[in-house]
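Okay, structure first, notes after.
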Amino acid sequence: MKQSYDYIIIGGGSAGCVLANRLSCDPSCSVLVLEAGRPDYIWDVFIHMPAGLTFPLGNRFYDWCYESEPEPFMHQRRIFHGRGKVLGGSSSINGMIYIRGNAMDYEKWAEQPGMEQWDYAHTLPYFIRSENRLKGPDQYHDTKGPLILESGPCKNPLFQAFLESAQQAGYPLTNDVNGYQQEGFGIFDRNIHRGRRLSAARAYLHPVLKQRPNLDLVCRALTTKITFNGKKATGVAFVKGRGSRPRTVRAGEVICCGGAINSPQILQLSGVGNAAELSALEIPVVHDLPGVGENLQDHLEVYVQYASKKPVSMNPSLKWWKKPFIGYKWLFHRSGAAATNHFEAGGFIRSNQDVDYPNIQFHFLPLAIRYDGSRPSQDHGYQVHVGPMYSNAVGSVKITSADPRKHPALRFNYLSTEQDRREWVEAVRCARKIMNQPAFKEFNAGETSPGNHIQTDDDILDWVAKDAETALHPSCTCKMGTDAMAVVDPSSMKVHGVENLRVVDASVMPFVTNGNIYAPTMMVAEKACDLILGNTPEPPSTAPFFRYEKKQTALSMPLKKAGASI
Ligand SMILES: Cc1cc2nc3c(=O)[nH]c(=O)nc-3n(C[C@H](O)[C@H](O)[C@H](O)COP(=O)(O)OP(=O)(O)OC[C@H]3O[C@@H](n4cnc5c(N)ncnc54)[C@H](O)[C@@H]3O)c2cc1C
């Protein structure tokens, strides 16, 4: 490791790996990546085996293991929040589902002051640049990027029942939720290639790390703060291992890629944030920037579960005596139950006539189990994950101490708004409507969760408050924009009011997108690279996108045979 670099990237996570690759392309430019977690060792099956995804979650060797403050509208529950603490960051422990969000999300971003260049036309080329979609190129996809995308095989008969029942409930199929039309139900793309997880580290970092002498990586290196000379960032201080002495490295520029929880934490620890709150913690203020850590957004989800009459679910693969065989098939053939994330299909709907584009997402799983692998049903079952996508409940990430190891206070305020509560009731009712269509008749042995005793709006909301978990999409805590609460300049990714410091990760989104947020984070990182390097931006796309016209109803859309065009 050198004493000084052109760029220091804090966090070798999803966005950090993109930046490491693109910024080190120029051999004259030196780049250091500091990652707090351990390497993503090649032998680590819990990272690389797709179905191993439940193991790292909640495990301190891979996960920061955050917990919210007691949530006031959820019976004071503390909600567990996993975040990847390993090379590749959350992309090394996530569910591998690849969803870009709705085109209208980016149209909404672009309505914010200063965000004109972040509309769908200007962001689509960066999604395309990042991807290698094995189904082949079209107006919305290409095959030249590092992120290999394959579609789920959807061989289990429960997937076909799900896609058919969604149509019977009046919703359309869509042949590509990341293409012209997100709205509807279909097969999801995922970051799995040849039976292995394709994390950001595997896609972007490892292919170049050994070949580029100008790119250095240090794992188990916790950045404790960004150093400043006046308002100019000069480098970072970090510790490598507990009890070791802090070291400093100089940087031409510091780029914070710590994610939606850690980036605001690092800025606050470094004196960039709400001046009054920092002073109360005796942290010297570098710049008063009240938006740091505010505007926290996330997706909350529940599992609506059913017992299956037929023995077709993935339940047997959970039996201990099946595991050696499943492990053998994965290890030697990269196939079988361990080679998939099982989230192979889902959909997006509008739950009411007031919204302009889908506000509810479904993921279907041919298994009844919680996301972290706990509480599997004893017999065959299946479930749908459901929740609102752009709730107006917002929260905050605030440090409570100058100690960088102390977790910040996370407040999400789930269920705190009228809109959120309304959409929650609608989401659960829509899920039940879909799951009780004729297509499921041969499988449906009854709802096991929440169960038929949960019927009124109040019952549903109470169950959600007691049972819901995060869908693990915290974002928006260092939002781009030019208003008083904005943290990052949308035209340069520079932190307002200071020099030589940028933020690039899920924290810069102004609004959480409609769907899982890994793909949008990677798009942000790709676009940020052009802004940082001063490259000519990708020309805006002219590809059209589906806009719902209010006179048209979902019910009037033609039915397609499930699987016919997907
Ligand atoms: C369990 C789980 C499942 C998910 N499933 C999906 C899914 O299926 N599909 C999807 O689209 N999204 C999913 N997500 C969300 C998605 O993966 C993340 O939102 C996205 O990867 C965030 O990218 P990021 O670059 O902002 O942060 P991260 O990828 O989390 O990277 C941040 C990195 O910074 C490092 N870091 C933090 N602080 C410091 C410090 N002080 N010093 C040094 N390093 C530091 C971290 O260790 C980490 O490696 C999931 C997330 C989780 C946790």
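Quick note on naming: the chains in the structure tokens go A, B, ... in the order shown, residues restart at 1 in each chain, and ligands are numbered from 1 in order of appearance.
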For ligand 1, list the contacting residues at 7 Å or closer, counting only C-alpha atoms and all ligand atoms, as a PyMOL selection string. chain A and resi 10-16+34-37+57+82-91+93-99+221-224+257-260+262-263+266+472-474+505-507+516-519+521
What's around stretch 251-255 of chain A at 6 Å? Count only C-alpha atoms, leave out sequence neighbours fewer than 2 positions away in its own chain, and write the answer as a PyMOL selection string. chain A and resi 4-9+234-235+500-503
Shell of 10 Å around A:Glu71, only C-alpha atoms, local chain residues under 2 positions omitted, as a list in words: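 Listing them by chain and then by number gives Ser68, Glu69, Phe73, Met74, His75, Gln76, Arg77, Arg78, Ile79, Leu410, Arg411, Phe412, Asn413, Tyr414, Leu415, Ser416 and Ala465 of chain A.
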Near A:Ile42, within 12 Å and counting only C-alpha atoms, which residues show up once chain neighbours fewer than 3 positions away are dropped, as a VMD selection string? chain A and resid 39 45 to 49 87 92 196 to 197 201 to 202 206
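Here atom CA of A:Leu296 is placed at a distance of 20.0 Å from atom CA of A:Gly114.
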May I have the residues within 9 Å of stretch 423-436 of chain A as a ChimeraX atom specification, using only C-alpha atoms and disregarding those fewer than 2 positions away in the same chain? /A:162,165-170,302,304,306,351-352,359-362,383-388,391,415,418-421,438-441,444,447,456-458,460-461,464
Which of these, A:Ser313, A:Thr477, A:Ala200, A:Asp26, has the shortest distance to A:Lys398 once you count only C-alpha atoms?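 Nearest candidate to A:Lys398 out of A:Ser313, A:Thr477, A:Ala200, A:Asp26: A:Thr477.
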Atom CA of A:Ser244 and atom CA of A:Leu278 are how many Å apart?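 Here the two named atoms are 25.8 Å from each other.
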Would you pick out the contacts of A:Asn341 at 8 Å or less, using only C-alpha atoms, so that residues sharing its chain but fewer than 2 positions from it are not included, and give the list as a ChimeraX atom specification? /A:50-51,53,95-96,338-339,343-344
Selected residue, from A:Thr400, A:Ser151, A:Asn59, A:Gln160, that lies nearest to A:Phe443 when counting only C-alpha atoms: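 Looking only at the distances to A:Phe443, the closest residue turns out to be A:Gln160.
The closest residue to A:Phe159, picked from A:Phe188, A:Gln268, A:Tyr357, A:Val236 and counting only C-alpha atoms, is A:Phe188.
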Find the spatial neighbours of A:Ala337, counting only C-alpha atoms, within a cut-off of 10 Å - ignore same-chain residues fewer than 5 positions away - and output them as an MDAnalysis selection string. chainID A and resid 50:51 195 314 317:318 323 325:327 329:330 342
How many Å separate atom CA of A:Val272 from atom CA of A:Asp530? 25.2 Å
Of the listed residues A:Pro157, A:Gly243, A:Pro284, A:Gly145, that which approaches A:Tyr382 most closely, counting only C-alpha atoms: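 So, comparing all the options, the nearest one is A:Pro157.
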From a DSSP calculation on the backbone, collect every residue of stretch 182-359 of chain A in alpha helix (DSSP H) and output the set as a count of residues only. 33
Which residue out of A:Val397, A:Leu331, A:Ile128, A:Val504 has the minimum interatomic distance to A:Glu538 when only C-alpha atoms are used?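 Checking each candidate against A:Glu538, we get A:Ile128 as the closest.
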Of the candidates A:Phe80, A:Tyr204, A:Phe185, A:Tyr171, which shows the shortest atom-to-atom distance to A:Ala525, using only C-alpha atoms?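 Closest to A:Ala525, using only C-alpha atoms: A:Tyr204.
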All strand (DSSP E or B) positions in stretch 79-297 of chain A, as a ChimeraX atom specification: /A:80-81,84,86,97-98,131-133,138,141,143,147-151,173,184-187,189-190,192-193,196-197,215-218,221-229,232-240,247-256,272-273,287-288,296-297
